[in-house]
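Trainee: This is entry.cif (mmCIF, C-alpha atoms).
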data_my_file
loop_
_atom_site.label_atom_id
_atom_site.label_comp_id
_atom_site.auth_asym_id
_atom_site.auth_seq_id
_atom_site.Cartn_x
_atom_site.Cartn_y
_atom_site.Cartn_z
CA ASP A 1 106.53 91.06 86.94
CA ALA A 2 108.79 93.68 85.45
CA GLU A 3 111.11 95.18 88.00
CA ILE A 4 114.15 97.30 88.65
CA THR A 5 116.87 95.69 90.76
CA GLN A 6 120.06 96.97 92.31
CA SER A 7 123.13 95.17 93.54
CA PRO A 8 124.77 95.02 95.91
CA ARG A 9 122.18 96.16 98.43
CA HIS A 10 124.84 96.86 101.05
CA LYS A 11 128.55 97.42 100.61
CA ILE A 12 131.46 98.61 102.72
CA THR A 13 134.56 99.70 100.84
CA GLU A 14 137.80 101.47 101.54
CA THR A 15 138.77 104.97 100.48
CA GLY A 16 140.37 105.02 97.05
CA ARG A 17 138.84 101.80 95.77
CA GLN A 18 136.75 101.62 92.62
CA VAL A 19 133.17 100.57 93.25
CA THR A 20 130.43 99.68 90.79
CA LEU A 21 126.74 99.60 91.67
CA ALA A 22 124.61 97.64 89.25
CA CYS A 23 121.11 98.55 88.10
CA HIS A 24 118.94 96.34 85.92
CA GLN A 25 115.37 96.98 84.75
CA THR A 26 113.08 94.69 82.81
CA TRP A 27 110.52 97.27 81.69
CA ASN A 28 112.45 98.18 78.55
CA HIS A 29 112.44 101.80 79.73
CA ASN A 30 114.56 104.25 77.79
CA ASN A 31 115.17 106.66 80.67
CA MET A 32 117.29 105.61 83.62
CA PHE A 33 118.62 107.66 86.54
CA TRP A 34 120.94 107.42 89.51
CA TYR A 35 120.19 109.42 92.67
CA ARG A 36 121.93 109.64 95.99
CA GLN A 37 119.99 110.30 99.16
CA ASP A 38 121.47 112.05 102.16
CA LEU A 39 119.75 113.49 105.21
CA GLY A 40 118.70 117.06 104.56
CA HIS A 41 119.38 116.88 100.82
CA GLY A 42 116.60 114.71 99.55
CA LEU A 43 117.22 112.89 96.28
CA ARG A 44 120.00 114.40 94.21
CA LEU A 45 120.56 113.39 90.60
CA ILE A 46 124.01 111.97 89.81
CA HIS A 47 123.74 110.82 86.19
CA TYR A 48 120.98 109.96 83.78
CA SER A 49 120.48 108.35 80.41
CA TYR A 50 117.75 108.70 77.80
CA GLY A 51 118.79 105.66 75.82
CA VAL A 52 121.59 103.34 74.72
CA GLN A 53 124.93 105.15 74.42
CA ASP A 54 123.43 108.30 75.94
CA THR A 55 124.67 109.55 79.33
CA ASN A 56 124.34 112.93 81.00
CA LYS A 57 125.65 114.54 84.16
CA GLY A 58 123.32 115.48 86.96
CA GLU A 59 123.80 117.97 89.77
CA VAL A 60 126.30 115.89 91.79
CA SER A 61 128.25 113.97 89.14
CA ASP A 62 131.83 114.60 90.29
CA GLY A 63 133.57 111.32 91.15
CA TYR A 64 130.93 109.18 89.42
CA SER A 65 130.52 107.73 85.95
CA VAL A 66 127.91 105.64 84.13
CA SER A 67 127.70 103.73 80.89
CA ARG A 68 124.68 102.56 78.87
CA SER A 69 125.53 99.71 76.55
CA ASN A 70 122.01 98.25 76.50
CA THR A 71 118.48 99.27 77.47
CA GLU A 72 118.31 97.20 80.65
CA ASP A 73 121.44 98.27 82.55
CA LEU A 74 122.94 101.48 83.90
CA PRO A 75 125.89 100.70 86.18
CA LEU A 76 127.23 103.49 88.40
CA THR A 77 130.97 103.57 89.04
CA LEU A 78 132.77 105.44 91.78
CA GLU A 79 136.24 105.85 90.32
CA SER A 80 138.03 106.38 93.64
CA ALA A 81 135.68 106.11 96.58
CA ALA A 82 135.70 108.92 99.15
CA SER A 83 134.08 109.14 102.57
CA SER A 84 131.82 111.89 101.22
CA GLN A 85 130.30 109.27 98.93
CA THR A 86 128.90 107.30 101.84
CA SER A 87 125.21 107.41 101.02
CA VAL A 88 122.16 105.52 99.88
CA TYR A 89 122.03 105.19 96.10
CA PHE A 90 118.80 104.72 94.18
CA CYS A 91 118.54 103.71 90.58
CA ALA A 92 115.34 104.63 88.78
CA SER A 93 113.74 104.24 85.39
CA ARG A 94 110.97 105.87 83.40
CA GLY A 95 109.46 104.84 80.11
CA PRO A 96 106.80 105.46 77.52
CA GLY A 97 103.45 103.81 77.43
CA ARG A 98 100.95 103.55 80.23
CA SER A 99 103.49 104.46 82.86
CA GLY A 100 103.84 107.86 81.24
CA ASN A 101 106.21 110.00 83.25
CA THR A 102 106.20 107.79 86.34
CA ILE A 103 109.65 107.17 87.79
CA TYR A 104 110.12 103.78 89.41
CA PHE A 105 112.88 103.33 91.97
CA GLY A 106 115.01 100.34 92.79
CA GLU A 107 115.31 99.20 96.41
CA GLY A 108 118.50 101.17 97.01
CA SER A 109 122.15 100.39 97.64
CA TRP A 110 123.66 101.37 100.98
CA LEU A 111 127.32 102.26 100.48
CA THR A 112 129.76 102.97 103.28
CA VAL A 113 133.26 104.24 102.48
CA VAL A 114 135.71 103.81 105.36
CA GLY B 1 117.39 123.80 85.29
CA GLU B 2 114.42 123.18 87.51
CA ASN B 3 114.59 124.11 91.20
CA VAL B 4 112.01 122.60 93.54
CA GLU B 5 111.61 123.84 97.10
CA GLN B 6 109.55 121.95 99.66
CA HIS B 7 108.10 123.03 103.03
CA PRO B 8 107.92 122.19 105.82
CA SER B 9 110.83 119.84 106.44
CA THR B 10 109.00 118.21 109.36
CA LEU B 11 105.31 118.06 110.19
CA SER B 12 103.52 116.53 113.16
CA VAL B 13 99.75 116.10 113.19
CA GLN B 14 97.25 114.33 115.38
CA GLU B 15 95.62 111.25 113.95
CA GLY B 16 92.50 112.26 112.06
CA ASP B 17 93.73 115.77 111.28
CA SER B 18 94.77 116.98 107.85
CA ALA B 19 98.33 117.48 106.63
CA VAL B 20 99.46 119.87 103.90
CA ILE B 21 102.87 119.92 102.24
CA LYS B 22 103.78 122.69 99.82
CA CYS B 23 106.26 122.93 96.97
CA THR B 24 107.33 125.63 94.57
CA TYR B 25 109.10 125.25 91.25
CA SER B 26 111.06 127.59 89.03
CA ASP B 27 110.81 126.31 85.45
CA SER B 28 107.59 127.37 83.74
CA ALA B 29 108.14 124.57 81.18
CA SER B 30 107.67 121.90 83.85
CA ASN B 31 104.54 119.92 83.16
CA TYR B 32 104.62 116.95 85.50
CA PHE B 33 104.48 116.99 89.30
CA PRO B 34 104.59 113.69 91.17
CA TRP B 35 104.55 113.03 94.89
CA TYR B 36 106.43 110.14 96.44
CA LYS B 37 106.16 108.51 99.84
CA GLN B 38 109.19 106.87 101.40
CA GLU B 39 108.91 104.70 104.46
CA LEU B 40 111.96 104.11 106.63
CA GLY B 41 114.50 101.93 104.84
CA LYS B 42 112.34 101.58 101.74
CA ARG B 43 112.38 103.02 98.24
CA PRO B 44 110.32 106.09 97.30
CA GLN B 45 106.99 105.12 95.78
CA LEU B 46 104.61 107.23 93.74
CA ILE B 47 101.38 108.08 95.56
CA ILE B 48 99.85 110.65 93.24
CA ASP B 49 100.84 112.88 90.35
CA ILE B 50 99.40 115.78 88.40
CA ARG B 51 100.03 117.21 84.97
CA SER B 52 100.05 120.88 84.13
CA ASN B 53 96.72 120.79 82.30
CA VAL B 54 94.90 119.87 85.52
CA GLY B 55 94.37 122.02 88.63
CA GLU B 56 93.48 119.32 91.13
CA LYS B 57 93.50 115.56 91.45
CA LYS B 58 92.15 113.35 94.21
CA ASP B 59 92.68 109.76 95.20
CA GLN B 60 90.76 108.76 98.32
CA ARG B 61 92.36 110.67 101.24
CA ILE B 62 95.07 112.22 99.10
CA ALA B 63 94.78 115.22 96.84
CA VAL B 64 97.20 117.41 94.94
CA THR B 65 96.55 120.96 93.77
CA LEU B 66 98.55 122.90 91.19
CA ASN B 67 98.73 126.65 90.65
CA LYS B 68 100.69 127.21 87.44
CA THR B 69 100.56 130.99 87.69
CA ALA B 70 102.18 131.00 91.12
CA LYS B 71 104.31 127.93 90.31
CA HIS B 72 103.36 126.02 93.39
CA PHE B 73 101.66 122.72 94.14
CA SER B 74 100.54 121.07 97.33
CA LEU B 75 99.81 117.63 98.76
CA HIS B 76 96.79 117.31 101.03
CA ILE B 77 96.23 114.26 103.22
CA THR B 78 92.92 114.14 105.06
CA GLU B 79 91.93 111.95 108.03
CA THR B 80 95.56 111.09 108.67
CA GLN B 81 96.44 107.66 110.04
CA PRO B 82 99.61 106.39 111.75
CA GLU B 83 100.55 104.51 108.57
CA ASP B 84 100.78 107.86 106.77
CA SER B 85 103.94 108.57 108.81
CA ALA B 86 106.79 108.70 106.30
CA VAL B 87 108.92 111.11 104.29
CA TYR B 88 107.14 112.72 101.37
CA PHE B 89 108.91 114.13 98.34
CA CYS B 90 107.51 116.45 95.72
CA ALA B 91 109.07 116.66 92.28
CA GLY B 92 108.73 118.66 89.13
CA GLY B 93 110.11 118.84 85.66
CA TYR B 94 109.71 118.19 82.01
CA GLN B 95 112.25 115.69 80.68
CA LYS B 96 114.33 115.65 83.83
CA VAL B 97 112.57 115.45 87.18
CA THR B 98 113.96 117.34 90.17
CA PHE B 99 113.00 116.36 93.71
CA GLY B 100 112.35 118.52 96.74
CA THR B 101 114.27 117.90 99.95
CA GLY B 102 111.44 115.99 101.62
CA THR B 103 108.97 116.40 104.47
CA LYS B 104 109.01 114.03 107.40
CA LEU B 105 105.39 113.54 108.44
CA GLN B 106 104.62 112.14 111.86
CA VAL B 107 101.04 111.19 112.67
CA ILE B 108 100.53 110.99 116.40
CA PRO B 109 97.96 108.38 117.52
#
Using structure tokens, write down the structure from this file.

Mentor:
Amino acid sequence: DAEITQSPRHKITETGRQVTLACHQTWNHNNMFWYRQDLGHGLRLIHYSYGVQDTNKGEVSDGYSVSRSNTEDLPLTLESAASSQTSVYFCASRGPGRSGNTIYFGEGSWLTVV
Amino acid sequence: GENVEQHPSTLSVQEGDSAVIKCTYSDSASNYFPWYKQELGKRPQLIIDIRSNVGEKKDQRIAVTLNKTAKHFSLHITETQPEDSAVYFCAGGYQKVTFGTGTKLQVIP
């Protein structure tokens, strides 16, 4: 079955280190998103992409970057990890066809910055 | 951009009672309004959605209503069961979907 997968699922890193969270989807969806989830804030959009070589900033993009070199992958990079970036990160995708506007989420990546 | 507000933030109901969660949105161009359920430690999953050309949609015990004039939409769960306990998120948008801050629903047996 087509799926959207994230790795790593859990990571502990030190302040100041660069961290990359991987996201891979096999639906051939054009639209991909990264959200972070924190208690009391719901799901906040970090970056999103509507296709290869397209990236856009979301509402909480400072300190994060993404790249889209192919349809399947949208890695999220924390340039210099900060304790405020301790969170649960969800990658998501949305495509044309029968799924319409439905956004499908990955299983999440739990990141702790110490 | 779109702004979605969701109320209440927590909701406790007795098993068998109904639960209603309400959301408002700001962008009149928004045409798609999904609802997601997230169980503890799991990913959000779509439970029902509605498009702006429809006023109501039902799926078994779950229904969503949309009032475009007032820019609000609601999730209704009837005959609640303990397994309905979770966090529910509303969302709205056109190209880009914005999520509400979530409602933690507790169904008391």

Trainee: What residues in chain A lie within 7 Å of chain B, counting only C-alpha atoms, written as a PyMOL selection string?

Mentor: chain A and resi 40-43+105-108

Trainee: Which of these residues is nearest to Ser85 of chain B, using only C-alpha atoms: B:Ala63, B:Val107, B:Ile47, B:Ala29?

Mentor: B:Val107

Trainee: Considering all atoms listed in the file, return as a PDB file with C-alpha atoms, keeping the file's coordinate frame whatever protein or nucleic-acid residues lie within 12 Å of Val54 of chain B, sequence-local ones (same chain, fewer than 2 positions apart) excluded.

Mentor:
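Printed below is out_4.pdb as written:
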ATOM      1  CA  ASN B  31     104.540 119.920  83.160  1.00  0.00           C
ATOM      2  CA  TYR B  32     104.620 116.950  85.500  1.00  0.00           C
ATOM      3  CA  PHE B  33     104.480 116.990  89.300  1.00  0.00           C
ATOM      4  CA  ASP B  49     100.840 112.880  90.350  1.00  0.00           C
ATOM      5  CA  ILE B  50      99.400 115.780  88.400  1.00  0.00           C
ATOM      6  CA  ARG B  51     100.030 117.210  84.970  1.00  0.00           C
ATOM      7  CA  SER B  52     100.050 120.880  84.130  1.00  0.00           C
ATOM      8  CA  GLU B  56      93.480 119.320  91.130  1.00  0.00           C
ATOM      9  CA  LYS B  57      93.500 115.560  91.450  1.00  0.00           C
ATOM     10  CA  LYS B  58      92.150 113.350  94.210  1.00  0.00           C
ATOM     11  CA  VAL B  64      97.200 117.410  94.940  1.00  0.00           C
ATOM     12  CA  THR B  65      96.550 120.960  93.770  1.00  0.00           C
ATOM     13  CA  LEU B  66      98.550 122.900  91.190  1.00  0.00           C
ATOM     14  CA  ASN B  67      98.730 126.650  90.650  1.00  0.00           C
ATOM     15  CA  LYS B  68     100.690 127.210  87.440  1.00  0.00           C
ATOM     16  CA  PHE B  73     101.660 122.720  94.140  1.00  0.00           C
TER      17      PHE B  73
END

Trainee: Give me the residues within 7 Å of Glu5 of chain B as an NGL selection string, counting only C-alpha atoms and dropping any in the same chain fewer than 3 places off.

Mentor: :B and (23-25 or 100)

Trainee: Please, what is the axis-aligned box for every listed atom of segment 60-79 of chain A with 8 Å on each side, as centre and edge lengths in Å to one decimal, as lines of an AutoDock Vina configuration file?

Mentor:
center_x = 127.3
center_y = 106.5
center_z = 84.1
size_x = 33.9
size_y = 34.7
size_z = 31.3

Trainee: Could you please determine the separation between atom CA of Ser69 of chain A and atom CA of Leu21 of chain A in Å, to one decimal place?

Mentor: 15.2 Å

Trainee: Can you turn the PyMOL selection byres ((chain A and resi 12) around 10) into a concrete residue list for this file, as a PyMOL selection string?

Mentor: chain A and resi 10-11+13-15+19+86+110-114

Trainee: How would you write, as a compact mmCIF listing (two decimals) with C-alpha atoms, in the frame of the given file, the residues chosen by the PyMOL selection byres ((chain A and resi 82) around 7) on this structure?

Mentor:
# COMPACT_ATOMS: atom_id res chain seq x y z
CA THR A 15 138.77 104.97 100.48
CA GLY A 16 140.37 105.02 97.05
CA SER A 80 138.03 106.38 93.64
CA ALA A 81 135.68 106.11 96.58
CA SER A 83 134.08 109.14 102.57
CA SER A 84 131.82 111.89 101.22
CA GLN A 85 130.30 109.27 98.93
CA VAL A 113 133.26 104.24 102.48

Trainee: Assuming the chain letters and numbering stay as they are in my file, what does the PyMOL selection byres ((chain A and resi 73) around 12) actually select? List them as a PyMOL selection string.

Mentor: chain A and resi 4-7+21-34+48-49+51-53+66-72+74-76+91-93

Trainee: Using atom CA of Leu75 of chain B and atom CA of Arg61 of chain B as the two end points, give the distance in Å to one decimal.

Mentor: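 Between atom CA of Leu75 of chain B and atom CA of Arg61 of chain B the gap works out to 10.5 Å.
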
Trainee: Nearest to Glu2 of chain B among A:Leu39, A:Ile103, A:Leu45, A:Val88, with distances taken over only C-alpha atoms: which residue is it?

Mentor: A:Leu45

Trainee: How many Å lie between atom CA of Tyr89 of chain A and atom CA of Gly63 of chain A, rounded to one decimal?

Mentor: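 Interatomic distance, atom CA of Tyr89 of chain A to atom CA of Gly63 of chain A: 14.0 Å.
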
Trainee: Name the residues within 8 Å of (97.8, 110.8, 109.4), counting all atoms listed in the file in the file's coordinates, and put them as a PyMOL selection string.

Mentor: chain B and resi 13-19+77-85+106-108

Trainee: Point out the residue among B:Gly92, B:Ser74, B:Ala86, B:Gly55 with the least atom-to-atom distance to Ile21 of chain B, counting all atoms listed in the file.

Mentor: B:Ser74

Trainee: Find, counting only C-alpha atoms, the residue in A:Glu3, A:Asp62, A:Asp38, A:Asp54 that gets nearest to Leu78 of chain A.

Mentor: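 For Leu78 of chain A, the nearest of the candidates is A:Asp62.
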